[in-house]
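*Asks:* Coordinates in coords26.pdb, PDB, C-alpha atoms and all ligand atoms, are listed below.
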ATOM      1  CA  MET A   1      -4.485 -27.864 -25.724  1.00  0.00           C
ATOM      2  CA  ASN A   2      -0.833 -28.802 -25.124  1.00  0.00           C
ATOM      3  CA  ILE A   3       0.761 -26.420 -22.628  1.00  0.00           C
ATOM      4  CA  THR A   4       4.048 -26.903 -20.755  1.00  0.00           C
ATOM      5  CA  TYR A   5       3.918 -25.973 -17.079  1.00  0.00           C
ATOM      6  CA  ARG A   6       7.043 -24.423 -15.617  1.00  0.00           C
ATOM      7  CA  VAL A   7       5.818 -24.446 -12.017  1.00  0.00           C
ATOM      8  CA  LYS A   8       5.686 -27.299  -9.517  1.00  0.00           C
ATOM      9  CA  LEU A   9       2.248 -28.897  -9.617  1.00  0.00           C
ATOM     10  CA  ASN A  10       0.397 -30.542  -6.734  1.00  0.00           C
ATOM     11  CA  GLU A  11       0.461 -34.238  -7.644  1.00  0.00           C
ATOM     12  CA  ASN A  12      -2.675 -34.850  -5.588  1.00  0.00           C
ATOM     13  CA  GLY A  13      -4.584 -32.142  -7.436  1.00  0.00           C
ATOM     14  CA  LEU A  14      -7.667 -32.956  -9.499  1.00  0.00           C
ATOM     15  CA  GLU A  15      -7.496 -32.929 -13.272  1.00  0.00           C
ATOM     16  CA  GLU A  16     -10.896 -31.195 -13.269  1.00  0.00           C
ATOM     17  CA  TYR A  17     -13.446 -30.354 -10.564  1.00  0.00           C
ATOM     18  CA  GLN A  18     -17.019 -31.663 -10.390  1.00  0.00           C
ATOM     19  CA  LYS A  19     -19.676 -29.417 -11.941  1.00  0.00           C
ATOM     20  CA  SER A  20     -21.928 -29.560  -8.841  1.00  0.00           C
ATOM     21  CA  GLY A  21     -19.134 -28.075  -6.692  1.00  0.00           C
ATOM     22  CA  ILE A  22     -18.427 -25.413  -9.329  1.00  0.00           C
ATOM     23  CA  ILE A  23     -22.097 -24.357  -9.349  1.00  0.00           C
ATOM     24  CA  LEU A  24     -22.188 -24.150  -5.538  1.00  0.00           C
ATOM     25  CA  ASN A  25     -18.943 -22.150  -5.417  1.00  0.00           C
ATOM     26  CA  ASN A  26     -20.313 -19.672  -7.957  1.00  0.00           C
ATOM     27  CA  LEU A  27     -23.640 -19.370  -6.100  1.00  0.00           C
ATOM     28  CA  LEU A  28     -21.705 -18.637  -2.918  1.00  0.00           C
ATOM     29  CA  MET A  29     -19.585 -16.010  -4.658  1.00  0.00           C
ATOM     30  CA  LEU A  30     -22.558 -14.349  -6.383  1.00  0.00           C
ATOM     31  CA  SER A  31     -24.667 -14.264  -3.226  1.00  0.00           C
ATOM     32  CA  TRP A  32     -21.720 -12.669  -1.374  1.00  0.00           C
ATOM     33  CA  ILE A  33     -21.428  -9.983  -4.062  1.00  0.00           C
ATOM     34  CA  ILE A  34     -25.210  -9.391  -3.912  1.00  0.00           C
ATOM     35  CA  LEU A  35     -25.057  -8.996  -0.122  1.00  0.00           C
ATOM     36  CA  GLY A  36     -22.220  -6.486  -0.556  1.00  0.00           C
ATOM     37  CA  SER A  37     -24.345  -4.634  -3.120  1.00  0.00           C
ATOM     38  CA  LEU A  38     -27.321  -4.589  -0.713  1.00  0.00           C
ATOM     39  CA  THR A  39     -24.994  -3.029   1.834  1.00  0.00           C
ATOM     40  CA  GLY A  40     -24.088  -0.355  -0.704  1.00  0.00           C
ATOM     41  CA  TRP A  41     -27.805   0.205  -1.421  1.00  0.00           C
ATOM     42  CA  TYR A  42     -28.363   1.372   2.153  1.00  0.00           C
ATOM     43  CA  PHE A  43     -25.594   3.925   1.629  1.00  0.00           C
ATOM     44  CA  ARG A  44     -26.433   5.114  -1.907  1.00  0.00           C
ATOM     45  CA  PRO A  45     -28.184   3.107  -4.684  1.00  0.00           C
ATOM     46  CA  LEU A  46     -25.368   4.092  -7.046  1.00  0.00           C
ATOM     47  CA  VAL A  47     -22.836   2.423  -4.719  1.00  0.00           C
ATOM     48  CA  ALA A  48     -24.868  -0.809  -4.972  1.00  0.00           C
ATOM     49  CA  VAL A  49     -24.807  -0.706  -8.784  1.00  0.00           C
ATOM     50  CA  LEU A  50     -21.077   0.102  -8.890  1.00  0.00           C
ATOM     51  CA  TYR A  51     -20.238  -2.545  -6.287  1.00  0.00           C
ATOM     52  CA  PHE A  52     -22.173  -5.265  -8.112  1.00  0.00           C
ATOM     53  CA  SER A  53     -20.672  -4.344 -11.497  1.00  0.00           C
ATOM     54  CA  PHE A  54     -17.154  -4.176 -10.043  1.00  0.00           C
ATOM     55  CA  GLY A  55     -17.586  -7.507  -8.207  1.00  0.00           C
ATOM     56  CA  VAL A  56     -18.776  -9.316 -11.329  1.00  0.00           C
ATOM     57  CA  ILE A  57     -16.004  -7.756 -13.441  1.00  0.00           C
ATOM     58  CA  VAL A  58     -13.291  -8.699 -10.892  1.00  0.00           C
ATOM     59  CA  VAL A  59     -14.421 -12.324 -10.589  1.00  0.00           C
ATOM     60  CA  TYR A  60     -15.625 -13.076 -14.112  1.00  0.00           C
ATOM     61  CA  VAL A  61     -13.425 -10.826 -16.288  1.00  0.00           C
ATOM     62  CA  MET A  62     -10.254  -9.644 -14.503  1.00  0.00           C
ATOM     63  CA  HIS A  63      -9.483 -12.950 -12.794  1.00  0.00           C
ATOM     64  CA  PRO A  64      -9.947 -15.058 -15.973  1.00  0.00           C
ATOM     65  CA  LYS A  65      -7.947 -12.492 -17.953  1.00  0.00           C
ATOM     66  CA  LEU A  66      -5.019 -12.086 -15.528  1.00  0.00           C
ATOM     67  CA  ALA A  67      -4.506 -15.252 -13.481  1.00  0.00           C
ATOM     68  CA  CYS A  68      -6.283 -18.081 -15.294  1.00  0.00           C
ATOM     69  CA  PRO A  69      -4.299 -17.922 -18.597  1.00  0.00           C
ATOM     70  CA  LYS A  70      -1.155 -18.821 -16.568  1.00  0.00           C
ATOM     71  CA  CYS A  71      -2.885 -21.574 -14.614  1.00  0.00           C
ATOM     72  CA  TYR A  72      -2.934 -25.370 -15.053  1.00  0.00           C
ATOM     73  CA  TYR A  73      -6.726 -25.153 -15.268  1.00  0.00           C
ATOM     74  CA  TYR A  74      -6.756 -22.871 -18.301  1.00  0.00           C
ATOM     75  CA  ASP A  75      -9.431 -24.398 -20.553  1.00  0.00           C
ATOM     76  CA  LYS A  76     -10.297 -26.908 -17.787  1.00  0.00           C
ATOM     77  CA  TRP A  77     -12.981 -27.029 -15.079  1.00  0.00           C
ATOM     78  CA  CYS A  78     -11.288 -25.602 -11.971  1.00  0.00           C
ATOM     79  CA  GLY A  79     -13.091 -25.091  -8.653  1.00  0.00           C
ATOM     80  CA  MET A  80     -14.810 -21.936  -9.932  1.00  0.00           C
ATOM     81  CA  GLY A  81     -15.022 -22.969 -13.579  1.00  0.00           C
ATOM     82  CA  LEU A  82     -13.029 -19.868 -14.501  1.00  0.00           C
ATOM     83  CA  GLY A  83     -10.389 -21.848 -16.389  1.00  0.00           C
ATOM     84  CA  ARG A  84     -13.031 -22.652 -19.017  1.00  0.00           C
ATOM     85  CA  LEU A  85     -14.282 -19.071 -19.078  1.00  0.00           C
ATOM     86  CA  SER A  86     -10.690 -17.849 -19.438  1.00  0.00           C
ATOM     87  CA  ALA A  87     -10.209 -19.924 -22.591  1.00  0.00           C
ATOM     88  CA  LEU A  88     -13.198 -18.131 -24.126  1.00  0.00           C
ATOM     89  CA  ILE A  89     -11.897 -14.608 -23.459  1.00  0.00           C
ATOM     90  CA  SER A  90      -8.082 -14.857 -23.399  1.00  0.00           C
ATOM     91  CA  LYS A  91      -5.091 -16.689 -24.797  1.00  0.00           C
ATOM     92  CA  PRO A  92      -2.914 -19.013 -22.635  1.00  0.00           C
ATOM     93  CA  SER A  93       0.137 -17.421 -21.037  1.00  0.00           C
ATOM     94  CA  ASP A  94       3.392 -18.568 -19.408  1.00  0.00           C
ATOM     95  CA  SER A  95       2.768 -20.355 -16.092  1.00  0.00           C
ATOM     96  CA  LYS A  96       5.988 -18.946 -14.630  1.00  0.00           C
ATOM     97  CA  TYR A  97       4.156 -15.590 -14.299  1.00  0.00           C
ATOM     98  CA  PHE A  98       1.225 -17.134 -12.403  1.00  0.00           C
ATOM     99  CA  ASN A  99       2.585 -15.903  -9.084  1.00  0.00           C
ATOM    100  CA  SER A 100       3.285 -12.320 -10.236  1.00  0.00           C
ATOM    101  CA  PHE A 101       1.593  -8.930 -10.291  1.00  0.00           C
ATOM    102  CA  SER A 102       0.441  -9.607 -13.833  1.00  0.00           C
ATOM    103  CA  GLY A 103      -1.154 -12.799 -12.515  1.00  0.00           C
ATOM    104  CA  MET A 104      -2.451 -14.091  -9.214  1.00  0.00           C
ATOM    105  CA  LEU A 105      -0.633 -11.621  -6.922  1.00  0.00           C
ATOM    106  CA  VAL A 106      -2.748  -8.684  -8.022  1.00  0.00           C
ATOM    107  CA  ILE A 107      -6.065 -10.474  -7.418  1.00  0.00           C
ATOM    108  CA  PRO A 108      -6.158 -10.190  -3.582  1.00  0.00           C
ATOM    109  CA  LEU A 109      -5.348  -6.474  -3.861  1.00  0.00           C
ATOM    110  CA  ILE A 110      -8.310  -5.867  -6.171  1.00  0.00           C
ATOM    111  CA  PHE A 111     -10.507  -8.269  -4.216  1.00  0.00           C
ATOM    112  CA  GLY A 112      -9.635  -6.340  -1.046  1.00  0.00           C
ATOM    113  CA  ILE A 113     -11.694  -3.399  -2.362  1.00  0.00           C
ATOM    114  CA  LEU A 114     -14.766  -5.671  -2.390  1.00  0.00           C
ATOM    115  CA  VAL A 115     -14.130  -6.471   1.275  1.00  0.00           C
ATOM    116  CA  LEU A 116     -13.248  -2.966   2.460  1.00  0.00           C
ATOM    117  CA  ILE A 117     -16.284  -1.142   1.015  1.00  0.00           C
ATOM    118  CA  PRO A 118     -18.960  -3.128   2.966  1.00  0.00           C
ATOM    119  CA  LEU A 119     -16.762  -3.136   6.088  1.00  0.00           C
ATOM    120  CA  ALA A 120     -16.506   0.676   5.966  1.00  0.00           C
ATOM    121  CA  ILE A 121     -20.297   0.949   5.579  1.00  0.00           C
ATOM    122  CA  TYR A 122     -20.895  -1.494   8.474  1.00  0.00           C
ATOM    123  CA  ILE A 123     -18.791   0.757  10.723  1.00  0.00           C
ATOM    124  CA  THR A 124     -21.100   3.698   9.915  1.00  0.00           C
ATOM    125  CA  TRP A 125     -24.115   1.473  10.779  1.00  0.00           C
ATOM    126  CA  ILE A 126     -22.834   1.103  14.361  1.00  0.00           C
ATOM    127  CA  PHE A 127     -23.729   4.764  14.899  1.00  0.00           C
ATOM    128  CA  GLN A 128     -27.158   4.507  13.253  1.00  0.00           C
ATOM    129  CA  GLU A 129     -30.569   3.443  14.511  1.00  0.00           C
ATOM    130  CA  PHE A 130     -31.014  -0.334  15.098  1.00  0.00           C
ATOM    131  CA  ASN A 131     -32.290  -2.072  11.958  1.00  0.00           C
ATOM    132  CA  PRO A 132     -32.761  -5.896  12.016  1.00  0.00           C
ATOM    133  CA  ILE A 133     -32.381  -6.167   8.225  1.00  0.00           C
ATOM    134  CA  LYS A 134     -28.954  -4.545   8.427  1.00  0.00           C
ATOM    135  CA  ILE A 135     -27.935  -6.997  11.172  1.00  0.00           C
ATOM    136  CA  ILE A 136     -29.013  -9.926   8.964  1.00  0.00           C
ATOM    137  CA  ILE A 137     -26.993  -8.519   6.025  1.00  0.00           C
ATOM    138  CA  VAL A 138     -23.865  -8.099   8.188  1.00  0.00           C
ATOM    139  CA  VAL A 139     -24.163 -11.600   9.671  1.00  0.00           C
ATOM    140  CA  LEU A 140     -24.747 -13.258   6.269  1.00  0.00           C
ATOM    141  CA  TRP A 141     -21.999 -11.271   4.526  1.00  0.00           C
ATOM    142  CA  LEU A 142     -19.434 -12.013   7.260  1.00  0.00           C
ATOM    143  CA  SER A 143     -20.491 -15.687   7.490  1.00  0.00           C
ATOM    144  CA  GLU A 144     -20.114 -16.167   3.744  1.00  0.00           C
ATOM    145  CA  LEU A 145     -16.750 -14.384   3.795  1.00  0.00           C
ATOM    146  CA  VAL A 146     -15.432 -16.626   6.574  1.00  0.00           C
ATOM    147  CA  TYR A 147     -17.066 -19.820   5.241  1.00  0.00           C
ATOM    148  CA  GLY A 148     -16.021 -19.152   1.620  1.00  0.00           C
ATOM    149  CA  ASN A 149     -12.441 -18.269   2.542  1.00  0.00           C
ATOM    150  CA  GLY A 150     -12.168 -20.928   5.224  1.00  0.00           C
ATOM    151  CA  ILE A 151     -13.831 -24.312   4.843  1.00  0.00           C
ATOM    152  CA  VAL A 152     -14.753 -24.073   1.132  1.00  0.00           C
ATOM    153  CA  LYS A 153     -11.477 -22.523  -0.028  1.00  0.00           C
ATOM    154  CA  LYS A 154      -9.353 -24.924   2.017  1.00  0.00           C
ATOM    155  CA  LYS A 155     -11.045 -27.921   0.389  1.00  0.00           C
ATOM    156  CA  LYS A 156     -10.823 -26.347  -3.080  1.00  0.00           C
ATOM    157  CA  CYS A 157      -7.133 -25.502  -2.638  1.00  0.00           C
ATOM    158  CA  SER A 158      -6.165 -28.934  -1.279  1.00  0.00           C
ATOM    159  CA  LEU A 159      -7.449 -30.453  -4.550  1.00  0.00           C
ATOM    160  CA  CYS A 160      -5.854 -27.831  -6.803  1.00  0.00           C
ATOM    161  CA  LYS A 161      -2.869 -28.579  -9.049  1.00  0.00           C
ATOM    162  CA  MET A 162      -1.613 -24.976  -8.569  1.00  0.00           C
ATOM    163  CA  GLU A 163      -1.716 -25.094  -4.755  1.00  0.00           C
ATOM    164  CA  ILE A 164       2.084 -25.161  -4.331  1.00  0.00           C
ATOM    165  CA  THR A 165       2.612 -22.029  -6.449  1.00  0.00           C
ATOM    166  CA  CYS A 166      -0.547 -20.086  -5.648  1.00  0.00           C
ATOM    167  CA  PRO A 167      -0.006 -17.156  -3.232  1.00  0.00           C
ATOM    168  CA  GLU A 168      -3.739 -17.283  -2.452  1.00  0.00           C
ATOM    169  CA  SER A 169      -3.754 -20.898  -1.258  1.00  0.00           C
ATOM    170  CA  ALA A 170      -5.885 -21.245   1.887  1.00  0.00           C
ATOM    171  CA  LEU A 171      -3.503 -23.967   3.056  1.00  0.00           C
ATOM    172  CA  LYS A 172      -0.685 -21.403   3.253  1.00  0.00           C
ATOM    173  CA  LEU A 173      -2.754 -18.550   4.626  1.00  0.00           C
ATOM    174  CA  THR A 174      -4.215 -20.500   7.567  1.00  0.00           C
TER
HETATM  175  S1  LIG A 201      -7.692 -22.343 -10.256  1.00  0.00           S
HETATM  176 FE1  LIG A 201      -7.837 -20.102 -10.027  1.00  0.00          FE
HETATM  177  S2  LIG A 201      -6.318 -19.262 -11.431  1.00  0.00           S
HETATM  178 FE2  LIG A 201      -6.655 -21.398 -11.996  1.00  0.00          FE
HETATM  179  S3  LIG A 201      -8.186 -21.337 -13.611  1.00  0.00           S
HETATM  180 FE3  LIG A 201      -9.268 -21.609 -11.679  1.00  0.00          FE
HETATM  181  S4  LIG A 201      -9.787 -19.570 -10.943  1.00  0.00           S
HETATM  182 FE4  LIG A 201      -8.232 -19.371 -12.549  1.00  0.00          FE
END
Taking this structure as input, can you express it in the form of structure tokens?
*Replies:*
Amino acid sequence: MNITYRVKLNENGLEEYQKSGIILNNLLMLSWIILGSLTGWYFRPLVAVLYFSFGVIVVYVMHPKLACPKCYYYDKWCGMGLGRLSALISKPSDSKYFNSFSGMLVIPLIFGILVLIPLAIYITWIFQEFNPIKIIIVVLWLSELVYGNGIVKKKKCSLCKMEITCPESALKLT
């Protein structure tokens, strides 16, 4: 597909990411969503179902519909493989809107809900009886959040063609 990019691209960025890394990144994301859902389960089973559904929709539908059509990796294998998924469910869009509220800027706001819900539940756990399983869930969830948004994201972003434009770049945020 021949698309003109009207944003400055990272010359050191990869044309496409390796499949093994994409699989690992998706496993990390899915396991983080499942841990968040388990957290919700301890509150109300319905919260677990809603959290899981919302998490999957945000990552695998909203993101590929909003941000990816304006991205260099539309129809290519990006770090999460969402560029390819995006080409299956949406048409390409103008890259100049990548860093806008109809693109990448809205994603952290929506994603924030996925972070805030478990955090709010963990605060209520402080006042409840000690439960080792809950401690394990908190530790794993927080570790994956920090690891996924730190080491993994930094590496992914440093190899990304959109790094200069992306408001979510870990290289800018840290
Ligand atoms: S790098 Fe980000 S915005 Fe671009 S296709 Fe991949 S997930 Fe979508």
*Asks:* Residues up to 10 Å from ligand LIG 201 (chain A), counting only C-alpha atoms and all ligand atoms: could you list those as a VMD selection string?
*Replies:* chain A and resid 16 to 17 59 to 60 63 to 87 98 to 99 103 to 104 107 156 to 157 159 to 163 166 168 to 169
*Asks:* Write the residues of the selection above to a file with C-alpha atoms, as a PDB file, keeping the file's coordinate frame.
*Replies:*
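Writing the result to part07.pdb gives the following:
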ATOM      1  CA  GLU A  16     -10.896 -31.195 -13.269  1.00  0.00           C
ATOM      2  CA  TYR A  17     -13.446 -30.354 -10.564  1.00  0.00           C
ATOM      3  CA  VAL A  59     -14.421 -12.324 -10.589  1.00  0.00           C
ATOM      4  CA  TYR A  60     -15.625 -13.076 -14.112  1.00  0.00           C
ATOM      5  CA  HIS A  63      -9.483 -12.950 -12.794  1.00  0.00           C
ATOM      6  CA  PRO A  64      -9.947 -15.058 -15.973  1.00  0.00           C
ATOM      7  CA  LYS A  65      -7.947 -12.492 -17.953  1.00  0.00           C
ATOM      8  CA  LEU A  66      -5.019 -12.086 -15.528  1.00  0.00           C
ATOM      9  CA  ALA A  67      -4.506 -15.252 -13.481  1.00  0.00           C
ATOM     10  CA  CYS A  68      -6.283 -18.081 -15.294  1.00  0.00           C
ATOM     11  CA  PRO A  69      -4.299 -17.922 -18.597  1.00  0.00           C
ATOM     12  CA  LYS A  70      -1.155 -18.821 -16.568  1.00  0.00           C
ATOM     13  CA  CYS A  71      -2.885 -21.574 -14.614  1.00  0.00           C
ATOM     14  CA  TYR A  72      -2.934 -25.370 -15.053  1.00  0.00           C
ATOM     15  CA  TYR A  73      -6.726 -25.153 -15.268  1.00  0.00           C
ATOM     16  CA  TYR A  74      -6.756 -22.871 -18.301  1.00  0.00           C
ATOM     17  CA  ASP A  75      -9.431 -24.398 -20.553  1.00  0.00           C
ATOM     18  CA  LYS A  76     -10.297 -26.908 -17.787  1.00  0.00           C
ATOM     19  CA  TRP A  77     -12.981 -27.029 -15.079  1.00  0.00           C
ATOM     20  CA  CYS A  78     -11.288 -25.602 -11.971  1.00  0.00           C
ATOM     21  CA  GLY A  79     -13.091 -25.091  -8.653  1.00  0.00           C
ATOM     22  CA  MET A  80     -14.810 -21.936  -9.932  1.00  0.00           C
ATOM     23  CA  GLY A  81     -15.022 -22.969 -13.579  1.00  0.00           C
ATOM     24  CA  LEU A  82     -13.029 -19.868 -14.501  1.00  0.00           C
ATOM     25  CA  GLY A  83     -10.389 -21.848 -16.389  1.00  0.00           C
ATOM     26  CA  ARG A  84     -13.031 -22.652 -19.017  1.00  0.00           C
ATOM     27  CA  LEU A  85     -14.282 -19.071 -19.078  1.00  0.00           C
ATOM     28  CA  SER A  86     -10.690 -17.849 -19.438  1.00  0.00           C
ATOM     29  CA  ALA A  87     -10.209 -19.924 -22.591  1.00  0.00           C
ATOM     30  CA  PHE A  98       1.225 -17.134 -12.403  1.00  0.00           C
ATOM     31  CA  ASN A  99       2.585 -15.903  -9.084  1.00  0.00           C
ATOM     32  CA  GLY A 103      -1.154 -12.799 -12.515  1.00  0.00           C
ATOM     33  CA  MET A 104      -2.451 -14.091  -9.214  1.00  0.00           C
ATOM     34  CA  ILE A 107      -6.065 -10.474  -7.418  1.00  0.00           C
ATOM     35  CA  LYS A 156     -10.823 -26.347  -3.080  1.00  0.00           C
ATOM     36  CA  CYS A 157      -7.133 -25.502  -2.638  1.00  0.00           C
ATOM     37  CA  LEU A 159      -7.449 -30.453  -4.550  1.00  0.00           C
ATOM     38  CA  CYS A 160      -5.854 -27.831  -6.803  1.00  0.00           C
ATOM     39  CA  LYS A 161      -2.869 -28.579  -9.049  1.00  0.00           C
ATOM     40  CA  MET A 162      -1.613 -24.976  -8.569  1.00  0.00           C
ATOM     41  CA  GLU A 163      -1.716 -25.094  -4.755  1.00  0.00           C
ATOM     42  CA  CYS A 166      -0.547 -20.086  -5.648  1.00  0.00           C
ATOM     43  CA  GLU A 168      -3.739 -17.283  -2.452  1.00  0.00           C
ATOM     44  CA  SER A 169      -3.754 -20.898  -1.258  1.00  0.00           C
TER      45      SER A 169
END
*Asks:* Quick check, in Å to one decimal: how far apart do CA of Glu144 (chain A) and CA of Gln128 (chain A) lie?
*Replies:* 23.8 Å
*Asks:* Could you make a table, as a Markdown table, of the residues of region 18-105 of chain A that have an atom within 9 Å of an atom of region 133-138 of chain A, each with its nearest atom pair and distance in Å to one decimal, counting all atoms listed in the file, in chain and number order?
*Replies:*
| residue | atom | partner | partner_atom | distance |
| --- | --- | --- | --- | --- |
| A:Leu35 | CA | A:Ile137 | CA | 6.5 |
| A:Gly36 | CA | A:Ile137 | CA | 8.4 |
| A:Leu38 | CA | A:Ile137 | CA | 7.8 |
| A:Thr39 | CA | A:Ile137 | CA | 7.2 |
| A:Tyr42 | CA | A:Lys134 | CA | 8.6 |
*Asks:* Please report the interatomic distance between CA of Gly13 (chain A) and CA of Pro108 (chain A) in Å with one decimal.
*Replies:*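 Distance reported for this atom pair: 22.3 Å.
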*Asks:* Quick one: everything within 12 Å of Ala120 (chain A), counting only C-alpha atoms, minus sequence neighbours fewer than 4 positions away in the same chain. Send it as an MDAnalysis selection string.
*Replies:* chainID A and resid 36 39:40 43 113:116 124:126 138
*Asks:* Rounded to one decimal in Å, what is the spacing between CA of Leu27 (chain A) and CA of Tyr122 (chain A)?
*Replies:*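 Rounded to one decimal, the two atoms are 23.2 Å apart.
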*Asks:* Within 12 Å of (-10.9, -18.7, 6.7) in the file's own coordinates, which protein, DNA or RNA residues have an atom, counting all atoms listed in the file? List them as a list in words.
*Replies:*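 Checked against the point, the hits come out as Leu142, Ser143, Glu144, Leu145, Val146, Tyr147, Gly148, Asn149, Gly150, Ile151, Val152, Lys153, Lys154, Lys155, Glu168, Ser169, Ala170, Leu171, Lys172, Leu173 and Thr174 of chain A.
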*Asks:* For the structure shown, which residues end up in the PyMOL selection byres (((chain A and resi 96) around 9) and not hetatm)? Put them as a list in words, please?
*Replies:*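 After applying the PyMOL selection byres (((chain A and resi 96) around 9) and not hetatm), what remains is Tyr5, Arg6, Val7, Lys70, Ser93, Asp94, Ser95, Tyr97, Phe98, Asn99 and Ser100 of chain A.
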*Asks:* Which of these residues is nearest to Asn26 (chain A), using all atoms listed in the file: A:Leu88, A:Phe101, A:Val56, A:Leu109?
*Replies:*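 Residue with the minimum atom-to-atom distance to Asn26 (chain A): A:Val56.
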*Asks:* Could you please fill out region 122-140 of chain A with N, CA and C atoms and send it back as a PDB file, in the coordinates of the input?
*Replies:*
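Writing done, so here's result.pdb:
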ATOM      1  N   TYR A 122     -20.424  -0.882   7.221  1.00  0.00           N
ATOM      2  CA  TYR A 122     -20.895  -1.494   8.474  1.00  0.00           C
ATOM      3  C   TYR A 122     -20.465  -0.660   9.681  1.00  0.00           C
ATOM      4  N   ILE A 123     -19.268  -0.073   9.595  1.00  0.00           N
ATOM      5  CA  ILE A 123     -18.791   0.757  10.723  1.00  0.00           C
ATOM      6  C   ILE A 123     -19.725   1.959  10.908  1.00  0.00           C
ATOM      7  N   THR A 124     -20.180   2.548   9.785  1.00  0.00           N
ATOM      8  CA  THR A 124     -21.100   3.698   9.915  1.00  0.00           C
ATOM      9  C   THR A 124     -22.446   3.248  10.505  1.00  0.00           C
ATOM     10  N   TRP A 125     -22.831   1.986  10.267  1.00  0.00           N
ATOM     11  CA  TRP A 125     -24.115   1.473  10.779  1.00  0.00           C
ATOM     12  C   TRP A 125     -24.123   1.389  12.310  1.00  0.00           C
ATOM     13  N   ILE A 126     -22.925   1.210  12.895  1.00  0.00           N
ATOM     14  CA  ILE A 126     -22.834   1.103  14.361  1.00  0.00           C
ATOM     15  C   ILE A 126     -23.441   2.356  15.010  1.00  0.00           C
ATOM     16  N   PHE A 127     -23.276   3.499  14.316  1.00  0.00           N
ATOM     17  CA  PHE A 127     -23.729   4.764  14.899  1.00  0.00           C
ATOM     18  C   PHE A 127     -25.152   5.124  14.452  1.00  0.00           C
ATOM     19  N   GLN A 128     -25.805   4.220  13.740  1.00  0.00           N
ATOM     20  CA  GLN A 128     -27.158   4.507  13.253  1.00  0.00           C
ATOM     21  C   GLN A 128     -28.210   3.742  14.069  1.00  0.00           C
ATOM     22  N   GLU A 129     -29.448   4.089  13.824  1.00  0.00           N
ATOM     23  CA  GLU A 129     -30.569   3.443  14.511  1.00  0.00           C
ATOM     24  C   GLU A 129     -30.563   1.923  14.249  1.00  0.00           C
ATOM     25  N   PHE A 130     -30.987   1.126  15.249  1.00  0.00           N
ATOM     26  CA  PHE A 130     -31.014  -0.334  15.098  1.00  0.00           C
ATOM     27  C   PHE A 130     -31.967  -0.738  13.959  1.00  0.00           C
ATOM     28  N   ASN A 131     -31.481  -1.599  13.082  1.00  0.00           N
ATOM     29  CA  ASN A 131     -32.290  -2.072  11.958  1.00  0.00           C
ATOM     30  C   ASN A 131     -32.010  -3.573  11.783  1.00  0.00           C
ATOM     31  N   PRO A 132     -33.013  -4.443  12.065  1.00  0.00           N
ATOM     32  CA  PRO A 132     -32.761  -5.896  12.016  1.00  0.00           C
ATOM     33  C   PRO A 132     -32.308  -6.382  10.637  1.00  0.00           C
ATOM     34  N   ILE A 133     -32.787  -5.712   9.576  1.00  0.00           N
ATOM     35  CA  ILE A 133     -32.381  -6.167   8.225  1.00  0.00           C
ATOM     36  C   ILE A 133     -30.876  -5.942   8.028  1.00  0.00           C
ATOM     37  N   LYS A 134     -30.395  -4.820   8.543  1.00  0.00           N
ATOM     38  CA  LYS A 134     -28.954  -4.545   8.427  1.00  0.00           C
ATOM     39  C   LYS A 134     -28.142  -5.588   9.201  1.00  0.00           C
ATOM     40  N   ILE A 135     -28.650  -5.978  10.369  1.00  0.00           N
ATOM     41  CA  ILE A 135     -27.935  -6.997  11.172  1.00  0.00           C
ATOM     42  C   ILE A 135     -27.867  -8.310  10.381  1.00  0.00           C
ATOM     43  N   ILE A 136     -28.985  -8.674   9.746  1.00  0.00           N
ATOM     44  CA  ILE A 136     -29.013  -9.926   8.964  1.00  0.00           C
ATOM     45  C   ILE A 136     -27.997  -9.849   7.819  1.00  0.00           C
ATOM     46  N   ILE A 137     -27.946  -8.673   7.140  1.00  0.00           N
ATOM     47  CA  ILE A 137     -26.993  -8.519   6.025  1.00  0.00           C
ATOM     48  C   ILE A 137     -25.556  -8.676   6.525  1.00  0.00           C
ATOM     49  N   VAL A 138     -25.244  -8.021   7.652  1.00  0.00           N
ATOM     50  CA  VAL A 138     -23.865  -8.099   8.188  1.00  0.00           C
ATOM     51  C   VAL A 138     -23.517  -9.549   8.535  1.00  0.00           C
ATOM     52  N   VAL A 139     -24.443 -10.217   9.232  1.00  0.00           N
ATOM     53  CA  VAL A 139     -24.163 -11.600   9.671  1.00  0.00           C
ATOM     54  C   VAL A 139     -23.963 -12.516   8.459  1.00  0.00           C
ATOM     55  N   LEU A 140     -24.863 -12.395   7.459  1.00  0.00           N
ATOM     56  CA  LEU A 140     -24.747 -13.258   6.269  1.00  0.00           C
ATOM     57  C   LEU A 140     -23.464 -12.963   5.497  1.00  0.00           C
TER      58      LEU A 140
END
